[in-house]
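Here is upload-v6.tsv, consisting of TSV, C-alpha atoms:
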```tsv
chain	number	residue	atom	x	y	z
A	1	MET	CA	0.00	0.00	0.00
A	2	GLN	CA	1.19	3.46	-0.76
A	3	TRP	CA	1.12	6.17	1.87
A	4	PRO	CA	1.08	9.95	1.74
A	5	CYS	CA	4.41	11.74	1.85
A	6	THR	CA	2.93	14.83	3.47
A	7	ASP	CA	1.76	15.85	6.92
A	8	PRO	CA	-0.69	13.15	8.11
A	9	ARG	CA	-3.47	15.64	8.75
A	10	PRO	CA	-4.74	17.61	5.74
A	11	ASP	CA	-5.87	21.20	6.08
A	12	PRO	CA	-9.26	21.14	4.37
A	13	SER	CA	-11.91	23.77	4.58
A	14	ALA	CA	-14.92	22.78	6.62
A	15	ASP	CA	-18.54	23.67	7.22
A	16	ALA	CA	-19.69	26.07	9.93
A	17	ALA	CA	-19.57	23.27	12.51
A	18	GLY	CA	-15.96	22.46	11.64
A	19	ARG	CA	-16.85	19.24	9.84
A	20	HIS	CA	-15.01	17.93	6.80
A	21	ARG	CA	-17.49	17.87	3.91
A	22	ILE	CA	-17.67	14.66	1.88
A	23	ALA	CA	-19.76	14.37	-1.28
A	24	VAL	CA	-20.53	10.86	-2.54
A	25	LEU	CA	-21.39	10.82	-6.24
A	26	ALA	CA	-24.13	8.26	-6.96
A	27	LEU	CA	-24.17	7.29	-10.63
A	28	PRO	CA	-26.75	5.12	-12.43
A	29	GLY	CA	-26.13	1.45	-11.66
A	30	VAL	CA	-24.41	2.15	-8.35
A	31	PRO	CA	-24.16	-0.89	-6.02
A	32	PRO	CA	-25.89	-0.04	-2.71
A	33	PHE	CA	-23.16	-1.59	-0.55
A	34	GLU	CA	-20.37	0.57	-1.96
A	35	LEU	CA	-22.63	3.63	-1.99
A	36	GLY	CA	-23.29	3.23	1.73
A	37	ILE	CA	-19.69	2.72	2.84
A	38	PRO	CA	-18.69	6.40	3.23
A	39	SER	CA	-21.80	7.36	5.21
A	40	ARG	CA	-21.43	4.38	7.51
A	41	VAL	CA	-17.69	4.63	8.17
A	42	PHE	CA	-17.22	8.41	8.28
A	43	GLY	CA	-20.47	8.78	10.19
A	44	SER	CA	-18.89	6.79	13.02
A	45	VAL	CA	-16.20	9.41	13.68
A	46	LEU	CA	-17.01	11.73	16.59
A	47	ASP	CA	-14.99	14.30	18.50
A	48	ALA	CA	-14.59	14.38	22.30
A	49	GLY	CA	-18.00	16.04	22.57
A	50	SER	CA	-19.71	13.32	20.49
A	51	ARG	CA	-20.08	15.67	17.54
A	52	PRO	CA	-19.52	14.27	14.02
A	53	LEU	CA	-16.24	15.23	12.39
A	54	TYR	CA	-17.49	14.56	8.86
A	55	GLU	CA	-20.57	15.64	6.96
A	56	VAL	CA	-21.44	13.09	4.25
A	57	THR	CA	-23.83	14.03	1.44
A	58	VAL	CA	-25.01	11.69	-1.32
A	59	CYS	CA	-25.49	13.56	-4.57
A	60	THR	CA	-26.00	12.90	-8.27
A	61	ALA	CA	-24.56	14.58	-11.33
A	62	ASP	CA	-27.80	16.44	-12.09
A	63	GLY	CA	-29.72	16.23	-8.81
A	64	ALA	CA	-32.14	13.62	-10.18
A	65	PRO	CA	-32.72	10.16	-8.64
A	66	VAL	CA	-30.69	7.26	-10.07
A	67	LEU	CA	-31.49	3.57	-10.33
A	68	SER	CA	-29.12	1.36	-8.33
A	69	ASP	CA	-27.97	-2.01	-9.64
A	70	ALA	CA	-30.19	-3.61	-6.96
A	71	GLY	CA	-33.31	-2.34	-8.73
A	72	PHE	CA	-34.36	0.43	-6.36
A	73	THR	CA	-34.05	4.16	-6.84
A	74	VAL	CA	-31.59	6.30	-4.91
A	75	GLN	CA	-32.98	9.71	-3.98
A	76	PRO	CA	-30.00	12.06	-3.58
A	77	ALA	CA	-29.77	14.79	-0.98
A	78	ALA	CA	-28.16	17.17	-3.46
A	79	GLY	CA	-26.97	17.74	-6.99
A	80	PRO	CA	-23.61	18.79	-8.47
A	81	GLU	CA	-23.43	21.78	-6.12
A	82	ALA	CA	-22.41	19.32	-3.36
A	83	LEU	CA	-19.36	18.33	-5.41
A	84	ALA	CA	-18.36	21.97	-5.81
A	85	ALA	CA	-18.59	22.57	-2.04
A	86	ALA	CA	-16.92	19.35	-0.90
A	87	ASP	CA	-13.52	18.89	0.72
A	88	THR	CA	-13.51	15.25	-0.40
A	89	VAL	CA	-15.38	13.69	-3.33
A	90	ILE	CA	-15.92	9.92	-3.30
A	91	VAL	CA	-16.97	8.03	-6.44
A	92	PRO	CA	-18.43	4.54	-5.88
A	93	PRO	CA	-18.67	2.14	-8.84
A	94	THR	CA	-21.27	2.15	-11.58
A	95	HIS	CA	-22.50	-0.90	-13.47
A	96	ALA	CA	-24.41	1.12	-16.04
A	97	MET	CA	-21.56	2.64	-18.06
A	98	PRO	CA	-19.94	-0.28	-19.94
A	99	GLU	CA	-18.36	2.15	-22.39
A	100	LEU	CA	-15.89	3.18	-19.70
A	101	GLY	CA	-14.38	-0.30	-19.91
A	102	HIS	CA	-13.23	0.57	-23.42
A	103	GLY	CA	-11.98	4.05	-22.63
A	104	GLY	CA	-15.23	5.66	-23.76
A	105	PRO	CA	-16.38	9.11	-22.65
A	106	LEU	CA	-18.34	9.99	-19.55
A	107	PRO	CA	-21.93	11.21	-19.97
A	108	PRO	CA	-21.99	15.02	-20.44
A	109	GLU	CA	-23.73	15.68	-17.12
A	110	VAL	CA	-21.09	13.66	-15.25
A	111	THR	CA	-18.27	15.46	-17.05
A	112	ALA	CA	-19.83	18.81	-16.16
A	113	ALA	CA	-20.34	17.84	-12.52
A	114	ILE	CA	-16.73	16.68	-12.13
A	115	ALA	CA	-15.48	19.83	-13.84
A	116	GLY	CA	-17.16	21.82	-11.06
A	117	ILE	CA	-15.04	20.25	-8.31
A	118	ARG	CA	-12.74	22.82	-6.71
A	119	PRO	CA	-8.97	22.49	-7.24
A	120	GLY	CA	-7.33	20.85	-4.23
A	121	THR	CA	-10.37	18.74	-3.37
A	122	ARG	CA	-9.43	15.23	-2.27
A	123	LEU	CA	-10.66	12.72	-4.87
A	124	VAL	CA	-11.45	9.12	-3.96
A	125	SER	CA	-12.77	6.09	-5.84
A	126	ILE	CA	-14.18	2.86	-4.48
A	127	CYS	CA	-13.65	-0.26	-6.60
A	128	THR	CA	-14.45	0.49	-10.26
A	129	GLY	CA	-15.27	4.09	-9.46
A	130	SER	CA	-11.64	4.39	-10.62
A	131	TYR	CA	-12.97	4.11	-14.19
A	132	VAL	CA	-14.85	7.38	-13.70
A	133	LEU	CA	-11.78	9.21	-12.40
A	134	ALA	CA	-9.67	7.72	-15.20
A	135	ALA	CA	-12.19	8.66	-17.88
A	136	ALA	CA	-12.11	12.23	-16.56
A	137	GLY	CA	-8.32	12.24	-16.97
A	138	LEU	CA	-7.76	12.58	-13.21
A	139	LEU	CA	-5.57	9.48	-12.91
A	140	ASP	CA	-3.24	10.16	-15.83
A	141	GLY	CA	0.36	9.56	-14.80
A	142	ARG	CA	-0.66	8.59	-11.28
A	143	PRO	CA	-0.57	5.31	-9.33
A	144	ALA	CA	-4.00	3.78	-8.76
A	145	THR	CA	-5.78	0.51	-8.16
A	146	THR	CA	-9.08	-1.09	-9.03
A	147	HIS	CA	-10.68	-4.52	-8.68
A	148	TRP	CA	-7.99	-7.11	-9.46
A	149	HIS	CA	-10.25	-8.98	-11.89
A	150	LEU	CA	-10.60	-5.90	-14.10
A	151	ALA	CA	-6.99	-4.70	-13.95
A	152	PRO	CA	-6.06	-6.00	-17.47
A	153	GLU	CA	-9.10	-4.27	-18.99
A	154	PHE	CA	-8.37	-1.10	-17.05
A	155	ARG	CA	-4.78	-1.02	-18.34
A	156	ARG	CA	-5.94	-1.35	-21.92
A	157	ALA	CA	-8.57	1.36	-21.54
A	158	TYR	CA	-6.38	3.80	-19.58
A	159	PRO	CA	-2.72	3.12	-20.43
A	160	ARG	CA	-1.55	6.37	-18.79
A	161	VAL	CA	-2.59	5.17	-15.33
A	162	LYS	CA	-0.03	3.26	-13.24
A	163	VAL	CA	-2.20	0.37	-12.08
A	164	ASP	CA	-1.26	-1.81	-9.09
A	165	GLU	CA	-3.82	-4.60	-8.68
A	166	GLU	CA	-2.09	-6.22	-5.70
A	167	VAL	CA	-2.97	-3.59	-3.07
A	168	LEU	CA	-6.17	-2.82	-1.19
A	169	PHE	CA	-5.80	0.89	-1.82
A	170	VAL	CA	-3.40	3.51	-3.16
A	171	ASP	CA	-2.92	6.87	-1.47
A	172	ASP	CA	-1.35	9.36	-3.86
A	173	GLY	CA	-1.94	12.36	-1.64
A	174	ASP	CA	-4.95	14.19	-3.08
A	175	VAL	CA	-6.14	11.22	-5.16
A	176	LEU	CA	-6.92	7.88	-3.51
A	177	THR	CA	-8.26	4.69	-5.09
A	178	SER	CA	-9.39	1.41	-3.56
A	179	ALA	CA	-9.72	-2.14	-4.78
A	180	GLY	CA	-12.94	-4.12	-4.95
A	181	VAL	CA	-15.97	-3.75	-2.71
A	182	ALA	CA	-14.89	-4.06	0.97
A	183	ALA	CA	-11.53	-2.44	0.22
A	184	GLY	CA	-13.58	0.77	0.21
A	185	VAL	CA	-13.95	0.27	3.98
A	186	ASP	CA	-10.18	-0.10	4.30
A	187	LEU	CA	-9.62	3.11	2.37
A	188	CYS	CA	-12.16	5.10	4.42
A	189	LEU	CA	-10.52	3.92	7.65
A	190	HIS	CA	-7.13	4.89	6.22
A	191	MET	CA	-8.43	8.38	5.46
A	192	ILE	CA	-9.73	8.73	9.02
A	193	ARG	CA	-6.35	7.55	10.30
A	194	ARG	CA	-4.65	10.10	8.06
A	195	ASP	CA	-7.00	12.92	9.11
A	196	HIS	CA	-7.40	12.22	12.84
A	197	GLY	CA	-4.97	9.48	13.85
A	198	ALA	CA	-5.02	5.75	14.54
A	199	ALA	CA	-7.17	5.97	17.69
A	200	ALA	CA	-10.02	7.67	15.81
A	201	ALA	CA	-9.81	5.09	13.01
A	202	ASN	CA	-9.80	2.27	15.55
A	203	ARG	CA	-12.92	3.65	17.24
A	204	ALA	CA	-14.70	3.92	13.87
A	205	ALA	CA	-13.67	0.35	13.02
A	206	ARG	CA	-15.05	-0.92	16.33
A	207	MET	CA	-18.35	0.85	15.70
A	208	CYS	CA	-18.55	-0.76	12.25
A	209	VAL	CA	-17.37	-4.14	13.63
A	210	VAL	CA	-14.55	-4.41	11.09
A	211	PRO	CA	-10.79	-4.78	11.53
A	212	PRO	CA	-9.03	-1.39	11.66
A	213	TRP	CA	-6.27	-2.75	9.45
A	214	ARG	CA	-6.33	-5.74	7.09
A	215	ASP	CA	-3.16	-7.65	6.41
A	216	GLY	CA	-1.79	-7.77	2.90
A	217	GLY	CA	-3.43	-6.70	-0.32
A	218	GLN	CA	-5.92	-7.99	-2.83
A	219	ALA	CA	-3.26	-10.32	-4.26
A	220	GLN	CA	-4.35	-12.73	-1.54
A	221	TYR	CA	-7.81	-12.93	-3.16
A	222	ILE	CA	-6.68	-13.54	-6.73
A	223	ASP	CA	-7.68	-16.98	-7.99
A	224	ARG	CA	-5.21	-19.68	-7.01
A	225	PRO	CA	-5.51	-23.34	-6.02
A	226	VAL	CA	-7.00	-23.78	-2.56
A	227	PRO	CA	-4.51	-25.62	-0.29
A	228	GLU	CA	-5.48	-28.93	1.21
A	229	PRO	CA	-6.92	-28.65	4.75
A	230	THR	CA	-3.88	-30.50	6.05
A	231	VAL	CA	-1.44	-27.85	4.78
A	232	ALA	CA	0.01	-25.73	7.60
A	233	THR	CA	-0.81	-22.02	7.71
A	234	THR	CA	0.89	-19.00	9.23
A	235	THR	CA	-2.21	-17.73	11.04
A	236	ALA	CA	-1.17	-18.83	14.53
A	237	THR	CA	2.33	-17.47	14.03
A	238	ARG	CA	1.00	-14.07	12.97
A	239	ALA	CA	-1.20	-13.93	16.06
A	240	TRP	CA	1.80	-14.89	18.21
A	241	ALA	CA	4.01	-12.29	16.54
A	242	LEU	CA	1.51	-9.53	17.33
A	243	GLU	CA	1.95	-10.36	21.02
A	244	HIS	CA	5.76	-10.19	20.71
A	245	LEU	CA	6.38	-7.18	18.47
A	246	GLY	CA	8.86	-5.71	20.95
A	247	GLU	CA	11.12	-8.75	20.68
A	248	PRO	CA	13.59	-9.66	17.90
A	249	LEU	CA	11.53	-11.60	15.36
A	250	SER	CA	13.82	-13.07	12.75
A	251	LEU	CA	12.51	-15.10	9.84
A	252	ASN	CA	14.08	-18.17	11.40
A	253	ARG	CA	12.25	-17.59	14.68
A	254	LEU	CA	8.92	-17.12	12.89
A	255	ALA	CA	9.46	-20.22	10.77
A	256	GLU	CA	10.37	-22.26	13.85
A	257	HIS	CA	7.19	-21.13	15.60
A	258	ALA	CA	5.17	-22.18	12.54
A	259	ARG	CA	7.11	-25.49	12.44
A	260	MET	CA	8.04	-24.96	8.80
A	261	SER	CA	11.22	-24.66	6.85
A	262	LEU	CA	12.29	-21.09	6.17
A	263	ARG	CA	11.51	-21.45	2.47
A	264	SER	CA	8.06	-22.99	3.04
A	265	PHE	CA	7.16	-20.42	5.68
A	266	THR	CA	8.14	-17.47	3.47
A	267	ARG	CA	6.20	-18.85	0.51
A	268	ARG	CA	3.12	-19.73	2.57
A	269	PHE	CA	3.17	-16.35	4.36
A	270	ARG	CA	3.21	-14.42	1.08
A	271	ASP	CA	0.44	-16.59	-0.37
A	272	GLU	CA	-1.77	-15.98	2.66
A	273	VAL	CA	-1.01	-12.33	3.41
A	274	GLY	CA	0.06	-10.86	0.08
A	275	MET	CA	3.36	-9.45	1.39
A	276	THR	CA	6.62	-10.73	2.85
A	277	PRO	CA	6.99	-11.43	6.59
A	278	VAL	CA	9.37	-8.47	6.93
A	279	GLN	CA	6.93	-6.08	5.23
A	280	TRP	CA	4.09	-7.34	7.42
A	281	LEU	CA	6.11	-7.03	10.63
A	282	THR	CA	7.13	-3.48	9.78
A	283	ALA	CA	3.51	-2.49	9.09
A	284	GLN	CA	2.32	-3.98	12.39
A	285	ARG	CA	5.11	-2.30	14.35
A	286	LEU	CA	4.31	1.05	12.76
A	287	GLU	CA	0.63	0.68	13.69
A	288	LEU	CA	1.60	-0.06	17.30
A	289	ALA	CA	4.00	2.90	17.32
A	290	LYS	CA	1.27	5.27	16.14
A	291	GLN	CA	-1.09	4.06	18.84
A	292	LEU	CA	1.54	4.50	21.56
A	293	LEU	CA	2.48	7.96	20.28
A	294	GLU	CA	-1.17	9.01	20.32
A	295	THR	CA	-2.29	7.51	23.60
A	296	THR	CA	0.75	7.50	25.92
A	297	ASP	CA	3.48	9.84	27.13
A	298	LEU	CA	6.22	7.24	26.65
A	299	SER	CA	9.48	8.63	25.31
A	300	ILE	CA	10.19	8.13	21.61
A	301	ASP	CA	13.04	5.81	22.56
A	302	LEU	CA	10.77	3.63	24.71
A	303	VAL	CA	8.07	3.56	22.02
A	304	ALA	CA	10.69	2.37	19.55
A	305	HIS	CA	11.81	-0.44	21.87
A	306	ARG	CA	8.26	-1.56	22.67
A	307	CYS	CA	7.50	-1.78	18.95
A	308	GLY	CA	10.62	-3.72	18.08
A	309	PHE	CA	12.47	-1.00	16.18
A	310	GLY	CA	15.35	-1.03	18.65
A	311	SER	CA	16.11	2.69	18.67
A	312	ALA	CA	14.46	6.06	18.18
A	313	ASN	CA	16.57	6.57	15.06
A	314	SER	CA	15.23	3.39	13.51
A	315	LEU	CA	11.62	4.33	14.33
A	316	ARG	CA	12.23	7.81	12.97
A	317	ALA	CA	13.56	6.45	9.68
A	318	HIS	CA	10.67	4.01	9.25
A	319	MET	CA	8.02	6.64	10.02
A	320	ARG	CA	9.55	9.14	7.63
A	321	THR	CA	9.63	6.50	4.89
A	322	ALA	CA	6.05	5.33	5.51
A	323	PHE	CA	4.29	8.56	6.50
A	324	GLY	CA	6.65	11.42	5.72
A	325	VAL	CA	6.74	12.62	9.35
A	326	SER	CA	8.87	12.05	12.43
A	327	PRO	CA	7.50	10.38	15.60
A	328	ALA	CA	7.62	13.72	17.44
A	329	SER	CA	5.69	15.46	14.67
A	330	TYR	CA	3.11	12.68	14.59
A	331	ARG	CA	2.64	12.93	18.37
A	332	ARG	CA	2.21	16.72	18.21
A	333	THR	CA	-0.47	16.25	15.56
A	334	PHE	CA	-2.52	13.47	17.13
A	335	HIS	CA	-1.73	13.14	20.84
A	336	THR	CA	-4.46	14.50	23.14
A	337	ASP	CA	-5.06	14.26	26.89
A	338	ASP	CA	-8.63	13.19	26.16
A	339	LEU	CA	-7.43	10.04	24.45
A	340	VAL	CA	-5.02	9.19	27.25
A	341	GLU	CA	-7.65	9.71	29.94
A	342	ALA	CA	-10.17	7.64	28.04
A	343	GLY	CA	-7.68	4.80	27.72
A	344	VAL	CA	-8.23	4.61	23.96
```

Structure re-expressed in structure tokens:
Amino acid sequence: MQWPCTDPRPDPSADAAGRHRIAVLALPGVPPFELGIPSRVFGSVLDAGSRPLYEVTVCTADGAPVLSDAGFTVQPAAGPEALAAADTVIVPPTHAMPELGHGGPLPPEVTAAIAGIRPGTRLVSICTGSYVLAAAGLLDGRPATTHWHLAPEFRRAYPRVKVDEEVLFVDDGDVLTSAGVAAGVDLCLHMIRRDHGAAAANRAARMCVVPPWRDGGQAQYIDRPVPEPTVATTTATRAWALEHLGEPLSLNRLAEHARMSLRSFTRRFRDEVGMTPVQWLTAQRLELAKQLLETTDLSIDLVAHRCGFGSANSLRAHMRTAFGVSPASYRRTFHTDDLVEAGV
């Protein structure tokens, strides 16, 4: 997964109540599940006074109702004016524009609505909503993802887009794209984490009863032979590793815990998780570091040791590579007494 190389908290404009305004563009043939993801996930984010931090508005390109792919009509709350006023625009998929699969043009009303989006607005697609952004020329020269099954078609239709079908989402700063269906949940939680920190994203995930962070990418879902039930897995070893992140966890130690050869363990781990053991360990340690920086007053050095990075310099280097900020800067941005007192 790609991460922003800027300050983790954007500086968007907001409504009178200080909320970040999100417009969700419902197009004809929109799947109800993907359409509902932003409202459900962002609607779970509250400040210390139980006030919502996001305002989510479902709109259409011309203000008229649209027919979902489930056969019922979606009545929007607004028209294209919501796109023009938004801080973030999210585009769920559409199953009613097959021409986009061949690089065809967007309908005129959709083109006009997208043209009205203010410069600097954060643009987001869920699943094949990436086709809409690509057809509008907004993904040219940029990294992006879409549903793995459609990646070959997407490449042919939009050769200027740098497609990575192995990740759950791609964050390219002001343009973010997610893989199929439930990866839209992962991306929304990532945006909350980026805007308000790991603790806020974790609370939203608990409210939605979903994991705050999924291991690996969509490569783990690409068709491949299903292993026999007797084949060993790395699941128990991953659970054990999460309880021992502060300790040295070499590949040999992990393989020994899983009772596999080093080669078999590495291959099985990548098949199951979609990344190498080292990449996975680093991601888990960074998540723990962010939580400790947000919710405790531990020194940077102690945070580094508890997360298994060994030294503050090592933690600093990893956080700068992954998030573009130092541990101290991250703590200044997201640490609050309210979170510490609440034991979040």

For this session: Quick one: everything within 10 Å of Arg259 of chain A, counting only C-alpha atoms, minus sequence neighbours fewer than 3 positions away in the same chain. Send it as a ChimeraX atom specification.
Result: /A:232-234,237,253-256,262,264-265

For this session: Quick one: everything within 10 Å of Ser299 of chain A, counting only C-alpha atoms, minus sequence neighbours fewer than 6 positions away in the same chain. Send it as a ChimeraX atom specification.
Result: /A:292-293,305,312,328

Exercise. Near Ala113 of chain A, counting all atoms listed in the file, which residues have an atom at most 7 Å away, once you skip same-chain residues fewer than 4 positions from it, shown as a list of chain:residue names?
Worked result: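 In the requested format, the answer is A:Ala61, A:Pro80, A:Glu109.
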
Exercise. Which neighbours of Val58 of chain A fall inside 6 Å, counting all atoms listed in the file, when residues of the same chain fewer than 5 positions from it are skipped, and could you give them as a VMD selection string?
Worked result: chain A and resid 23 to 24 76 to 77

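The space between atom CA of Gly63 of chain A and atom CA of Pro28 of chain A spans 12.1 Å.
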
Exercise. Which of these residues is nearest to Phe269 of chain A, using all atoms listed in the file: A:Ser39, A:Ser44, A:Thr235, A:Thr296?
Worked result: A:Thr235

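Take atom CA of Ala289 of chain A and atom CA of Ala241 of chain A: the distance between them is 15.2 Å.
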
Exercise. Quick one: residues within 7 Å of segment 125-135 of chain A, only C-alpha atoms counted, chain neighbours fewer than 2 positions away excluded, as a PyMOL selection string?
Worked result: chain A and resi 90-94+100+103+105-106+137-140+146-147+158+176-181+184

Exercise. From the set A:Gly79, A:Pro119, A:Pro107, A:Pro38, which residue has the shortest atom-to-atom contact distance to Val175 of chain A, counting only C-alpha atoms?
Worked result: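 Among A:Gly79, A:Pro119, A:Pro107, A:Pro38, it is A:Pro119 that comes nearest to Val175 of chain A.
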
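You will find atom CA of Asp172 of chain A at 26.2 Å from atom CA of Asn313 of chain A.
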
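Nearest to Gly71 of chain A of all the residues A:Val89, A:Gly29, A:Arg142, A:Ser329 is A:Gly29, counting all atoms listed in the file.
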
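Of the listed residues (A:Ala236, A:Ala78, A:Val167, A:Ala199), A:Ala199 comes nearest to Thr295 of chain A; the distances count only C-alpha atoms.
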
For this session: List every protein, DNA or RNA residue with an atom no more than 10 Å from (-25.9, 1.0, -0.7) in the file's coordinates, counting all atoms listed in the file, and format the result as an NGL selection string.
Result: :A and (26 or 30-40 or 68-70 or 74 or 92)

Exercise. For Val278 of chain A, which residue among A:Thr111, A:Ser311, A:Ser261, A:Asn252 is the nearest when counting only C-alpha atoms?
Worked result: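 Among the listed residues, A:Asn252 lies closest to Val278 of chain A.
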
First collect every listed atom of segment 243-250 of chain A; then fit an axis-aligned box around them, widen it by 3 Å on each side, and give centre and edge lengths in Å to one decimal, as JSON.
```
{"center_x": 7.9, "center_y": -9.4, "center_z": 16.9, "size_x": 17.9, "size_y": 13.4, "size_z": 14.3}
```
